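Shown here: my_file08.cif, mmCIF, C-alpha atoms.
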data_entry
loop_
_atom_site.group_PDB
_atom_site.id
_atom_site.type_symbol
_atom_site.label_atom_id
_atom_site.label_comp_id
_atom_site.auth_asym_id
_atom_site.auth_seq_id
_atom_site.Cartn_x
_atom_site.Cartn_y
_atom_site.Cartn_z
ATOM 1 C CA MET A 370 -68.067 -59.997 87.431
ATOM 2 C CA ASN A 371 -67.613 -57.624 90.349
ATOM 3 C CA LYS A 372 -71.035 -56.123 91.035
ATOM 4 C CA LEU A 373 -72.415 -53.574 93.434
ATOM 5 C CA ASN A 374 -76.008 -54.039 94.526
ATOM 6 C CA LEU A 375 -78.137 -50.910 94.541
ATOM 7 C CA VAL A 376 -81.735 -50.304 95.577
ATOM 8 C CA SER A 377 -84.021 -48.056 93.543
ATOM 9 C CA GLN A 378 -86.704 -45.794 95.021
ATOM 10 C CA ASP A 379 -89.362 -48.421 94.464
ATOM 11 C CA GLY A 380 -87.316 -51.055 96.295
ATOM 12 C CA THR A 381 -86.215 -52.932 93.166
ATOM 13 C CA ARG A 382 -82.717 -54.283 93.550
ATOM 14 C CA LEU A 383 -80.456 -53.106 90.771
ATOM 15 C CA GLN A 384 -76.951 -54.183 89.889
ATOM 16 C CA GLN A 385 -74.169 -51.924 88.737
ATOM 17 C CA CYS A 386 -70.888 -53.258 87.463
ATOM 18 C CA GLY A 387 -68.033 -52.447 89.815
ATOM 19 C CA ASP A 388 -65.944 -51.470 86.802
ATOM 20 C CA CYS A 389 -68.263 -48.495 86.271
ATOM 21 C CA ARG A 390 -67.307 -47.332 89.734
ATOM 22 C CA ASP A 391 -63.616 -48.208 89.636
ATOM 23 C CA GLY A 392 -62.778 -47.315 86.009
ATOM 24 C CA ALA A 393 -60.060 -49.967 85.622
ATOM 25 C CA ALA A 394 -58.383 -50.044 82.199
ATOM 26 C CA LEU A 395 -58.205 -53.037 79.858
ATOM 27 C CA ASP A 396 -54.892 -54.867 79.745
ATOM 28 C CA PHE A 397 -54.939 -55.227 75.946
ATOM 29 C CA ALA A 398 -55.168 -52.812 73.011
ATOM 30 C CA PHE A 399 -57.476 -52.902 70.004
ATOM 31 C CA SER A 400 -58.612 -50.776 67.077
ATOM 32 C CA TYR A 401 -61.222 -50.860 64.297
ATOM 33 C CA ALA A 402 -61.773 -51.568 60.651
ATOM 34 C CA PHE A 403 -64.799 -49.992 58.981
ATOM 35 C CA HIS A 404 -67.036 -51.825 56.519
ATOM 36 C CA PRO A 405 -69.323 -49.659 54.385
ATOM 37 C CA ILE A 406 -73.074 -50.219 54.169
ATOM 38 C CA ILE A 407 -74.235 -49.018 50.770
ATOM 39 C CA ASP A 408 -77.532 -47.499 49.682
ATOM 40 C CA VAL A 409 -77.576 -48.822 46.132
ATOM 41 C CA ARG A 410 -80.674 -46.856 45.171
ATOM 42 C CA GLN A 411 -79.137 -43.529 46.190
ATOM 43 C CA ARG A 412 -75.568 -44.596 45.390
ATOM 44 C CA THR A 413 -74.353 -43.329 48.744
ATOM 45 C CA VAL A 414 -72.606 -44.720 51.812
ATOM 46 C CA PHE A 415 -75.414 -45.210 54.338
ATOM 47 C CA ALA A 416 -73.158 -46.201 57.240
ATOM 48 C CA HIS A 417 -69.899 -47.820 58.270
ATOM 49 C CA GLU A 418 -69.946 -50.787 60.629
ATOM 50 C CA ALA A 419 -67.090 -50.670 63.138
ATOM 51 C CA LEU A 420 -65.419 -54.103 63.298
ATOM 52 C CA VAL A 421 -62.949 -54.764 66.089
ATOM 53 C CA ARG A 422 -59.338 -55.525 65.126
ATOM 54 C CA GLY A 423 -55.988 -55.811 66.831
ATOM 55 C CA PRO A 424 -53.948 -52.599 67.231
ATOM 56 C CA ALA A 425 -52.038 -53.332 64.018
ATOM 57 C CA GLY A 426 -55.020 -54.698 62.097
ATOM 58 C CA GLU A 427 -54.886 -58.261 63.410
ATOM 59 C CA GLY A 428 -58.041 -60.383 63.156
ATOM 60 C CA ALA A 429 -60.971 -59.884 65.495
ATOM 61 C CA MET A 430 -60.353 -63.077 67.467
ATOM 62 C CA THR A 431 -56.970 -61.819 68.659
ATOM 63 C CA VAL A 432 -59.025 -59.290 70.630
ATOM 64 C CA LEU A 433 -62.280 -61.130 71.333
ATOM 65 C CA SER A 434 -60.408 -64.098 72.789
ATOM 66 C CA ARG A 435 -59.266 -61.757 75.573
ATOM 67 C CA VAL A 436 -62.820 -60.818 76.574
ATOM 68 C CA ASN A 437 -64.264 -62.661 79.575
ATOM 69 C CA ASP A 438 -66.723 -62.160 82.404
ATOM 70 C CA SER A 439 -64.253 -60.038 84.369
ATOM 71 C CA ASN A 440 -63.692 -57.440 81.642
ATOM 72 C CA ARG A 441 -66.830 -57.678 79.486
ATOM 73 C CA TYR A 442 -68.298 -54.381 80.721
ATOM 74 C CA ARG A 443 -65.019 -52.479 80.365
ATOM 75 C CA PHE A 444 -64.541 -53.864 76.857
ATOM 76 C CA ASP A 445 -68.053 -52.892 75.761
ATOM 77 C CA GLN A 446 -67.566 -49.352 77.073
ATOM 78 C CA ALA A 447 -64.064 -49.039 75.568
ATOM 79 C CA CYS A 448 -65.345 -50.242 72.174
ATOM 80 C CA ARG A 449 -67.927 -47.478 71.988
ATOM 81 C CA VAL A 450 -65.411 -44.774 72.872
ATOM 82 C CA LYS A 451 -62.756 -46.080 70.473
ATOM 83 C CA ALA A 452 -65.186 -46.405 67.537
ATOM 84 C CA ILE A 453 -66.454 -42.852 68.011
ATOM 85 C CA GLU A 454 -62.937 -41.483 68.472
ATOM 86 C CA ILE A 455 -61.619 -43.043 65.236
ATOM 87 C CA ALA A 456 -64.739 -42.172 63.217
ATOM 88 C CA ALA A 457 -64.463 -38.544 64.297
ATOM 89 C CA ARG A 458 -60.735 -38.460 63.529
ATOM 90 C CA LEU A 459 -61.430 -39.819 60.035
ATOM 91 C CA GLY A 460 -64.077 -37.154 59.467
ATOM 92 C CA MET A 461 -66.693 -39.852 58.826
ATOM 93 C CA GLN A 462 -69.795 -38.280 57.276
ATOM 94 C CA SER A 463 -71.950 -41.400 57.205
ATOM 95 C CA ARG A 464 -73.659 -43.082 60.135
ATOM 96 C CA LEU A 465 -71.491 -45.182 62.431
ATOM 97 C CA SER A 466 -72.768 -48.632 63.408
ATOM 98 C CA ILE A 467 -71.374 -49.963 66.684
ATOM 99 C CA ASN A 468 -71.852 -53.526 67.885
ATOM 100 C CA PHE A 469 -72.717 -53.735 71.564
ATOM 101 C CA LEU A 470 -73.034 -56.445 74.202
ATOM 102 C CA PRO A 471 -76.558 -56.424 75.719
ATOM 103 C CA ASN A 472 -75.418 -58.809 78.451
ATOM 104 C CA ALA A 473 -72.825 -56.234 79.573
ATOM 105 C CA ILE A 474 -75.481 -53.607 80.327
ATOM 106 C CA TYR A 475 -76.931 -53.287 83.823
ATOM 107 C CA ARG A 476 -78.846 -50.007 83.590
ATOM 108 C CA PRO A 477 -79.098 -48.558 80.066
ATOM 109 C CA GLU A 478 -79.527 -44.973 81.256
ATOM 110 C CA VAL A 479 -76.348 -45.258 83.350
ATOM 111 C CA CYS A 480 -74.188 -47.382 81.068
ATOM 112 C CA ILE A 481 -74.732 -45.023 78.111
ATOM 113 C CA ARG A 482 -73.113 -42.038 79.827
ATOM 114 C CA THR A 483 -69.597 -42.848 78.645
ATOM 115 C CA THR A 484 -70.837 -43.094 75.048
ATOM 116 C CA LEU A 485 -72.597 -39.743 75.257
ATOM 117 C CA GLN A 486 -69.485 -38.127 76.715
ATOM 118 C CA ALA A 487 -67.323 -39.571 73.928
ATOM 119 C CA ALA A 488 -69.709 -38.213 71.283
ATOM 120 C CA ARG A 489 -69.579 -34.775 72.896
ATOM 121 C CA ASP A 490 -65.797 -34.835 73.319
ATOM 122 C CA HIS A 491 -65.190 -35.771 69.679
ATOM 123 C CA GLY A 492 -68.038 -33.789 68.129
ATOM 124 C CA PHE A 493 -69.760 -36.821 66.619
ATOM 125 C CA PRO A 494 -73.569 -36.401 66.333
ATOM 126 C CA ILE A 495 -75.482 -38.999 68.345
ATOM 127 C CA GLU A 496 -78.166 -39.181 65.641
ATOM 128 C CA GLN A 497 -75.488 -40.649 63.339
ATOM 129 C CA ILE A 498 -74.752 -43.535 65.727
ATOM 130 C CA ILE A 499 -76.409 -46.919 65.268
ATOM 131 C CA PHE A 500 -76.249 -49.558 67.988
ATOM 132 C CA GLU A 501 -76.576 -53.111 66.710
ATOM 133 C CA THR A 502 -76.554 -56.361 68.627
ATOM 134 C CA VAL A 503 -73.283 -58.221 68.206
ATOM 135 C CA GLU A 504 -73.750 -61.501 66.348
ATOM 136 C CA SER A 505 -71.730 -63.629 68.777
ATOM 137 C CA GLU A 506 -73.713 -62.499 71.818
ATOM 138 C CA GLN A 507 -76.365 -64.964 73.000
ATOM 139 C CA VAL A 508 -79.297 -62.870 74.219
ATOM 140 C CA SER A 509 -81.690 -65.056 76.181
ATOM 141 C CA ASP A 510 -83.824 -62.230 77.597
ATOM 142 C CA GLY A 511 -85.619 -60.553 74.723
ATOM 143 C CA ASN A 512 -87.543 -58.243 77.049
ATOM 144 C CA TRP A 513 -84.255 -56.888 78.385
ATOM 145 C CA LEU A 514 -82.937 -56.256 74.880
ATOM 146 C CA SER A 515 -86.134 -54.393 74.020
ATOM 147 C CA GLN A 516 -85.744 -52.288 77.162
ATOM 148 C CA VAL A 517 -82.177 -51.374 76.213
ATOM 149 C CA PHE A 518 -83.241 -50.504 72.668
ATOM 150 C CA ARG A 519 -86.080 -48.305 73.886
ATOM 151 C CA GLU A 520 -83.744 -46.329 76.103
ATOM 152 C CA TYR A 521 -81.242 -45.884 73.272
ATOM 153 C CA ARG A 522 -83.983 -44.666 70.948
ATOM 154 C CA ARG A 523 -85.247 -42.226 73.603
ATOM 155 C CA ILE A 524 -81.755 -40.717 73.791
ATOM 156 C CA GLY A 525 -81.561 -40.342 70.010
ATOM 157 C CA PHE A 526 -79.513 -43.303 68.776
ATOM 158 C CA MET A 527 -80.613 -45.557 65.930
ATOM 159 C CA THR A 528 -81.009 -49.272 66.702
ATOM 160 C CA ALA A 529 -80.433 -52.407 64.652
ATOM 161 C CA ILE A 530 -81.033 -56.126 65.076
ATOM 162 C CA ASP A 531 -78.145 -58.091 63.589
ATOM 163 C CA ASP A 532 -78.548 -61.540 61.988
ATOM 164 C CA PHE A 533 -82.329 -61.239 61.661
ATOM 165 C CA GLY A 534 -83.709 -64.724 61.177
ATOM 166 C CA ALA A 535 -81.139 -66.436 63.414
ATOM 167 C CA GLY A 536 -81.669 -67.302 67.092
ATOM 168 C CA TYR A 537 -83.802 -64.839 69.049
ATOM 169 C CA ALA A 538 -83.326 -62.130 66.416
ATOM 170 C CA GLY A 539 -86.612 -62.904 64.683
ATOM 171 C CA LEU A 540 -90.312 -62.194 64.590
ATOM 172 C CA THR A 541 -90.799 -62.463 68.356
ATOM 173 C CA LEU A 542 -88.402 -59.619 68.997
ATOM 174 C CA LEU A 543 -89.783 -57.604 66.089
ATOM 175 C CA ALA A 544 -93.285 -57.923 67.522
ATOM 176 C CA ASP A 545 -92.083 -56.534 70.857
ATOM 177 C CA PHE A 546 -89.889 -53.756 69.514
ATOM 178 C CA GLN A 547 -89.461 -52.297 66.055
ATOM 179 C CA PRO A 548 -85.854 -51.134 65.629
ATOM 180 C CA ASP A 549 -84.783 -48.688 62.967
ATOM 181 C CA ILE A 550 -82.956 -51.439 61.082
ATOM 182 C CA VAL A 551 -82.858 -55.212 60.740
ATOM 183 C CA LYS A 552 -79.849 -56.881 59.147
ATOM 184 C CA LEU A 553 -80.717 -60.059 57.297
ATOM 185 C CA ASP A 554 -78.759 -63.117 58.349
ATOM 186 C CA MET A 555 -76.006 -63.850 55.843
ATOM 187 C CA ALA A 556 -77.298 -67.378 55.285
ATOM 188 C CA LEU A 557 -80.460 -65.927 53.729
ATOM 189 C CA VAL A 558 -78.464 -63.741 51.360
ATOM 190 C CA ARG A 559 -75.894 -66.221 50.104
ATOM 191 C CA GLY A 560 -76.945 -67.356 46.616
ATOM 192 C CA VAL A 561 -80.436 -65.932 47.141
ATOM 193 C CA GLU A 562 -81.046 -65.710 43.388
ATOM 194 C CA GLN A 563 -80.764 -69.520 43.196
ATOM 195 C CA LYS A 564 -82.880 -70.421 46.242
ATOM 196 C CA ARG A 565 -86.633 -70.044 45.971
ATOM 197 C CA ALA A 566 -87.231 -70.462 49.701
ATOM 198 C CA SER A 567 -84.698 -67.766 50.561
ATOM 199 C CA ARG A 568 -86.258 -65.410 48.025
ATOM 200 C CA VAL A 569 -89.741 -65.938 49.473
ATOM 201 C CA ILE A 570 -88.476 -65.299 53.016
ATOM 202 C CA VAL A 571 -86.432 -62.212 52.103
ATOM 203 C CA ALA A 572 -89.223 -60.705 49.985
ATOM 204 C CA ASN A 573 -91.767 -61.124 52.759
ATOM 205 C CA VAL A 574 -89.411 -59.832 55.474
ATOM 206 C CA ALA A 575 -88.734 -56.770 53.285
ATOM 207 C CA ARG A 576 -92.481 -56.217 52.821
ATOM 208 C CA LEU A 577 -93.179 -56.711 56.531
ATOM 209 C CA CYS A 578 -90.429 -54.316 57.577
ATOM 210 C CA ASP A 579 -91.597 -51.730 55.075
ATOM 211 C CA GLU A 580 -95.068 -51.800 56.661
ATOM 212 C CA LEU A 581 -93.499 -51.428 60.117
ATOM 213 C CA GLY A 582 -91.219 -48.576 59.042
ATOM 214 C CA VAL A 583 -88.055 -50.631 59.548
ATOM 215 C CA LYS A 584 -85.106 -50.469 57.140
ATOM 216 C CA VAL A 585 -83.564 -53.741 55.899
ATOM 217 C CA ILE A 586 -79.854 -54.302 55.327
ATOM 218 C CA ALA A 587 -78.645 -57.415 53.503
ATOM 219 C CA GLU A 588 -75.302 -58.620 54.873
ATOM 220 C CA GLY A 589 -72.746 -60.704 53.036
ATOM 221 C CA VAL A 590 -73.538 -59.576 49.484
ATOM 222 C CA GLU A 591 -70.735 -60.907 47.314
ATOM 223 C CA THR A 592 -72.046 -61.108 43.755
ATOM 224 C CA ALA A 593 -73.837 -58.865 41.283
ATOM 225 C CA ALA A 594 -76.503 -61.573 40.908
ATOM 226 C CA GLU A 595 -77.272 -61.475 44.639
ATOM 227 C CA LEU A 596 -77.439 -57.693 44.545
ATOM 228 C CA SER A 597 -79.788 -57.621 41.550
ATOM 229 C CA CYS A 598 -82.111 -60.171 43.144
ATOM 230 C CA LEU A 599 -82.189 -58.255 46.440
ATOM 231 C CA GLN A 600 -83.015 -55.007 44.662
ATOM 232 C CA GLU A 601 -85.893 -56.672 42.831
ATOM 233 C CA MET A 602 -87.274 -57.679 46.229
ATOM 234 C CA GLY A 603 -87.036 -54.147 47.572
ATOM 235 C CA VAL A 604 -83.800 -54.419 49.567
ATOM 236 C CA HIS A 605 -81.617 -51.427 48.749
ATOM 237 C CA LEU A 606 -79.218 -51.285 51.714
ATOM 238 C CA VAL A 607 -76.420 -53.825 51.372
ATOM 239 C CA GLN A 608 -73.102 -54.731 52.940
ATOM 240 C CA GLY A 609 -70.556 -57.210 51.668
ATOM 241 C CA TYR A 610 -67.369 -57.923 49.787
ATOM 242 C CA LEU A 611 -68.981 -56.925 46.463
ATOM 243 C CA PHE A 612 -68.309 -53.393 47.726
ATOM 244 C CA GLY A 613 -64.932 -54.173 49.216
ATOM 245 C CA GLN A 614 -63.476 -55.495 52.440
ATOM 246 C CA PRO A 615 -63.390 -53.652 55.768
ATOM 247 C CA ARG A 616 -60.758 -50.905 55.808
ATOM 248 C CA PHE A 617 -58.478 -50.739 58.802
ATOM 249 C CA GLU A 618 -58.793 -47.303 60.411
ATOM 250 C CA GLN A 619 -60.175 -45.918 57.149
ATOM 251 C CA CYS A 620 -63.613 -45.064 55.807
ATOM 252 C CA VAL A 621 -65.058 -44.653 52.313
ATOM 253 C CA ARG A 622 -65.205 -41.010 51.291
ATOM 254 C CA ASP A 623 -66.446 -41.404 47.702
ATOM 255 C CA ILE A 624 -68.876 -44.095 46.539
ATOM 256 C CA ALA A 625 -66.815 -44.438 43.355
ATOM 257 C CA GLU A 626 -64.086 -45.999 45.487
ATOM 258 C CA VAL A 627 -66.191 -49.116 46.100
ATOM 259 C CA TRP A 628 -68.823 -49.205 43.356
ATOM 260 C CA PRO A 629 -68.390 -52.470 41.401
ATOM 261 C CA VAL A 630 -67.632 -52.299 37.696
ATOM 262 C CA GLY A 631 -70.637 -53.201 35.580
ATOM 263 C CA VAL A 632 -73.223 -52.835 38.369
#
As structure tokens, what does this structure read like?
Amino acid sequence: MNKLNLVSQDGTRLQQCGDCRDGAALDFAFSYAFHPIIDVRQRTVFAHEALVRGPAGEGAMTVLSRVNDSNRYRFDQACRVKAIEIAARLGMQSRLSINFLPNAIYRPEVCIRTTLQAARDHGFPIEQIIFETVESEQVSDGNWLSQVFREYRRIGFMTAIDDFGAGYAGLTLLADFQPDIVKLDMALVRGVEQKRASRVIVANVARLCDELGVKVIAEGVETAAELSCLQEMGVHLVQGYLFGQPRFEQCVRDIAEVWPVGV
């Protein structure tokens, strides 16, 4: 990636992506589908996760396959702006959860400026924006991720660790930084009512997070049995096909639209 070396006042060498300076546009288009995150205790839509799609609703890989080291920063910045733009146009009242690429950030306080400008331009409150780590991104430097999260929290954004329990997204990171939200890895949720080990892990993670003041979201909830089991263990924020598939350039306006029959 084209980089420009900078020197801070204390002599530390910093790197700034050349794309930040040059403002080159992406050579491909994309849009978003929005998947609701449901608060089953309150029967409300807690948030919508913005999921990248092709411009006509094509699958995510038609877009992600175009992302490489030369356009990673531009893509990350464009994703934030596009998600906020569409959410504002839809009149989204819930929180908006945006996946971001920690490895595409060079200086959090600088790289966030475009996001802040987009929120101002479209009148979307920054306190309704959640930044969550994208599941496909391999983050090898946990200290760096914590630094990014701390800066985002200072500005007023909410933060979330995706796929908690997989890779680096585990107890080591949680000990260093307590985000607003952790999203349980889907493998822990699938068939949880039938797996004693999964139930023990989920119940204790929920208890731990409660003591730390961290909300827990269960991803990949597909059955009423999974939902019931999760609720018994104190997990009340859920996301999954039980409440419908992601909606291309649409959001849920009324919980009755997605509430499962018989639940």
Can you list, as a PDB file with C-alpha atoms, in the frame of the given file, every protein, DNA or RNA residue that comes within 9 Å of Ile498 (chain A) when you count all atoms listed in the file, leaving out same-chain residues fewer than 2 positions away?
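Below you can see around05.pdb, which holds the result:
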ATOM      1  CA  ILE A 453     -66.454 -42.852  68.011  1.00  0.00           C
ATOM      2  CA  ARG A 464     -73.659 -43.082  60.135  1.00  0.00           C
ATOM      3  CA  LEU A 465     -71.491 -45.182  62.431  1.00  0.00           C
ATOM      4  CA  SER A 466     -72.768 -48.632  63.408  1.00  0.00           C
ATOM      5  CA  ILE A 467     -71.374 -49.963  66.684  1.00  0.00           C
ATOM      6  CA  PHE A 493     -69.760 -36.821  66.619  1.00  0.00           C
ATOM      7  CA  PRO A 494     -73.569 -36.401  66.333  1.00  0.00           C
ATOM      8  CA  ILE A 495     -75.482 -38.999  68.345  1.00  0.00           C
ATOM      9  CA  GLU A 496     -78.166 -39.181  65.641  1.00  0.00           C
ATOM     10  CA  PHE A 500     -76.249 -49.558  67.988  1.00  0.00           C
ATOM     11  CA  GLY A 525     -81.561 -40.342  70.010  1.00  0.00           C
ATOM     12  CA  PHE A 526     -79.513 -43.303  68.776  1.00  0.00           C
ATOM     13  CA  MET A 527     -80.613 -45.557  65.930  1.00  0.00           C
ATOM     14  CA  THR A 528     -81.009 -49.272  66.702  1.00  0.00           C
TER      15      THR A 528
END
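Between CA of Ala425 (chain A) and CA of Gln462 (chain A) the interatomic distance comes to 24.2 Å.
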Worksheet item: CA of Leu581 (chain A) and CA of Val558 (chain A), how far apart in Å?
Response: 21.3 Å
Item to complete: Would you please work out which residue, of A:Val561, A:Ala594, A:Leu420, A:Val583, is nearest to Tyr401 (chain A) when using only C-alpha atoms?
Response: A:Leu420
Fill in: Point (-77.8, -55.8, 59.5) neighbourhood (9 Å, only C-alpha atoms) written as a PyMOL selection string
chain A and resi 501+529-533+550-554+585-588+607-608
Discussion item. Take the PyMOL selection byres ((chain A and resi 521) around 12), run it mentally on this structure, and tell me the resulting residues as a ChimeraX atom specification.
Written reply: /A:469,471,474,476-482,484-485,495-496,498-501,514-520,522-529,548-549
May I have the residues from that selection written out with C-alpha atoms, as a PDB file, keeping the file's coordinate frame?
ATOM      1  CA  PHE A 469     -72.717 -53.735  71.564  1.00  0.00           C
ATOM      2  CA  PRO A 471     -76.558 -56.424  75.719  1.00  0.00           C
ATOM      3  CA  ILE A 474     -75.481 -53.607  80.327  1.00  0.00           C
ATOM      4  CA  ARG A 476     -78.846 -50.007  83.590  1.00  0.00           C
ATOM      5  CA  PRO A 477     -79.098 -48.558  80.066  1.00  0.00           C
ATOM      6  CA  GLU A 478     -79.527 -44.973  81.256  1.00  0.00           C
ATOM      7  CA  VAL A 479     -76.348 -45.258  83.350  1.00  0.00           C
ATOM      8  CA  CYS A 480     -74.188 -47.382  81.068  1.00  0.00           C
ATOM      9  CA  ILE A 481     -74.732 -45.023  78.111  1.00  0.00           C
ATOM     10  CA  ARG A 482     -73.113 -42.038  79.827  1.00  0.00           C
ATOM     11  CA  THR A 484     -70.837 -43.094  75.048  1.00  0.00           C
ATOM     12  CA  LEU A 485     -72.597 -39.743  75.257  1.00  0.00           C
ATOM     13  CA  ILE A 495     -75.482 -38.999  68.345  1.00  0.00           C
ATOM     14  CA  GLU A 496     -78.166 -39.181  65.641  1.00  0.00           C
ATOM     15  CA  ILE A 498     -74.752 -43.535  65.727  1.00  0.00           C
ATOM     16  CA  ILE A 499     -76.409 -46.919  65.268  1.00  0.00           C
ATOM     17  CA  PHE A 500     -76.249 -49.558  67.988  1.00  0.00           C
ATOM     18  CA  GLU A 501     -76.576 -53.111  66.710  1.00  0.00           C
ATOM     19  CA  LEU A 514     -82.937 -56.256  74.880  1.00  0.00           C
ATOM     20  CA  SER A 515     -86.134 -54.393  74.020  1.00  0.00           C
ATOM     21  CA  GLN A 516     -85.744 -52.288  77.162  1.00  0.00           C
ATOM     22  CA  VAL A 517     -82.177 -51.374  76.213  1.00  0.00           C
ATOM     23  CA  PHE A 518     -83.241 -50.504  72.668  1.00  0.00           C
ATOM     24  CA  ARG A 519     -86.080 -48.305  73.886  1.00  0.00           C
ATOM     25  CA  GLU A 520     -83.744 -46.329  76.103  1.00  0.00           C
ATOM     26  CA  ARG A 522     -83.983 -44.666  70.948  1.00  0.00           C
ATOM     27  CA  ARG A 523     -85.247 -42.226  73.603  1.00  0.00           C
ATOM     28  CA  ILE A 524     -81.755 -40.717  73.791  1.00  0.00           C
ATOM     29  CA  GLY A 525     -81.561 -40.342  70.010  1.00  0.00           C
ATOM     30  CA  PHE A 526     -79.513 -43.303  68.776  1.00  0.00           C
ATOM     31  CA  MET A 527     -80.613 -45.557  65.930  1.00  0.00           C
ATOM     32  CA  THR A 528     -81.009 -49.272  66.702  1.00  0.00           C
ATOM     33  CA  ALA A 529     -80.433 -52.407  64.652  1.00  0.00           C
ATOM     34  CA  PRO A 548     -85.854 -51.134  65.629  1.00  0.00           C
ATOM     35  CA  ASP A 549     -84.783 -48.688  62.967  1.00  0.00           C
TER      36      ASP A 549
END
Worksheet item: Can you tell me how far CA of His404 (chain A) sits from CA of Thr502 (chain A), in Å to one decimal?
Response: 16.1 Å
Worksheet item: Counting all atoms listed in the file, what is within 9 Å of region 603-605 of chain A, bar same-chain residues fewer than 6 positions away, as a PyMOL selection string?
Response: chain A and resi 407-411+571-572+575-576+584-587+596
Discussion item. Evaluate the PyMOL selection byres ((chain A and resi 625) around 12) against this structure - the residues, as a ChimeraX atom specification, please.
Written reply: /A:407,409,412-414,612-613,621-624,626-630,632
For the file shown, report as a CSV table (one decimal) with C-alpha atoms, in the frame of the given file the outcome of the PyMOL selection byres ((chain A and resi 427-439) around 9) at residue level.
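Output file expr.csv is given in full below:
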chain,number,residue,atom,x,y,z
A,370,MET,CA,-68.1,-60.0,87.4
A,371,ASN,CA,-67.6,-57.6,90.3
A,397,PHE,CA,-54.9,-55.2,75.9
A,398,ALA,CA,-55.2,-52.8,73.0
A,399,PHE,CA,-57.5,-52.9,70.0
A,420,LEU,CA,-65.4,-54.1,63.3
A,421,VAL,CA,-62.9,-54.8,66.1
A,422,ARG,CA,-59.3,-55.5,65.1
A,423,GLY,CA,-56.0,-55.8,66.8
A,424,PRO,CA,-53.9,-52.6,67.2
A,425,ALA,CA,-52.0,-53.3,64.0
A,426,GLY,CA,-55.0,-54.7,62.1
A,440,ASN,CA,-63.7,-57.4,81.6
A,441,ARG,CA,-66.8,-57.7,79.5
A,442,TYR,CA,-68.3,-54.4,80.7
A,443,ARG,CA,-65.0,-52.5,80.4
A,444,PHE,CA,-64.5,-53.9,76.9
A,473,ALA,CA,-72.8,-56.2,79.6
Worksheet item: Which is closer to Arg458 (chain A) than all the others in A:Leu470, A:Ala488, A:Leu599, A:Leu542, using only C-alpha atoms?
Response: A:Ala488
Item to complete: Tell me which of A:Leu611, A:Val569, A:Ala487, A:Ala457 sits closest to Glu591 (chain A), counting only C-alpha atoms.
Response: A:Leu611
Coordinates of box centre and edge lengths for region 589-602 of chain A, 3 Å on every side, axis-aligned, as AutoDock Vina command-line options:
--center_x -79.0 --center_y -58.3 --center_z 47.0 --size_x 22.5 --size_y 12.6 --size_z 18.1
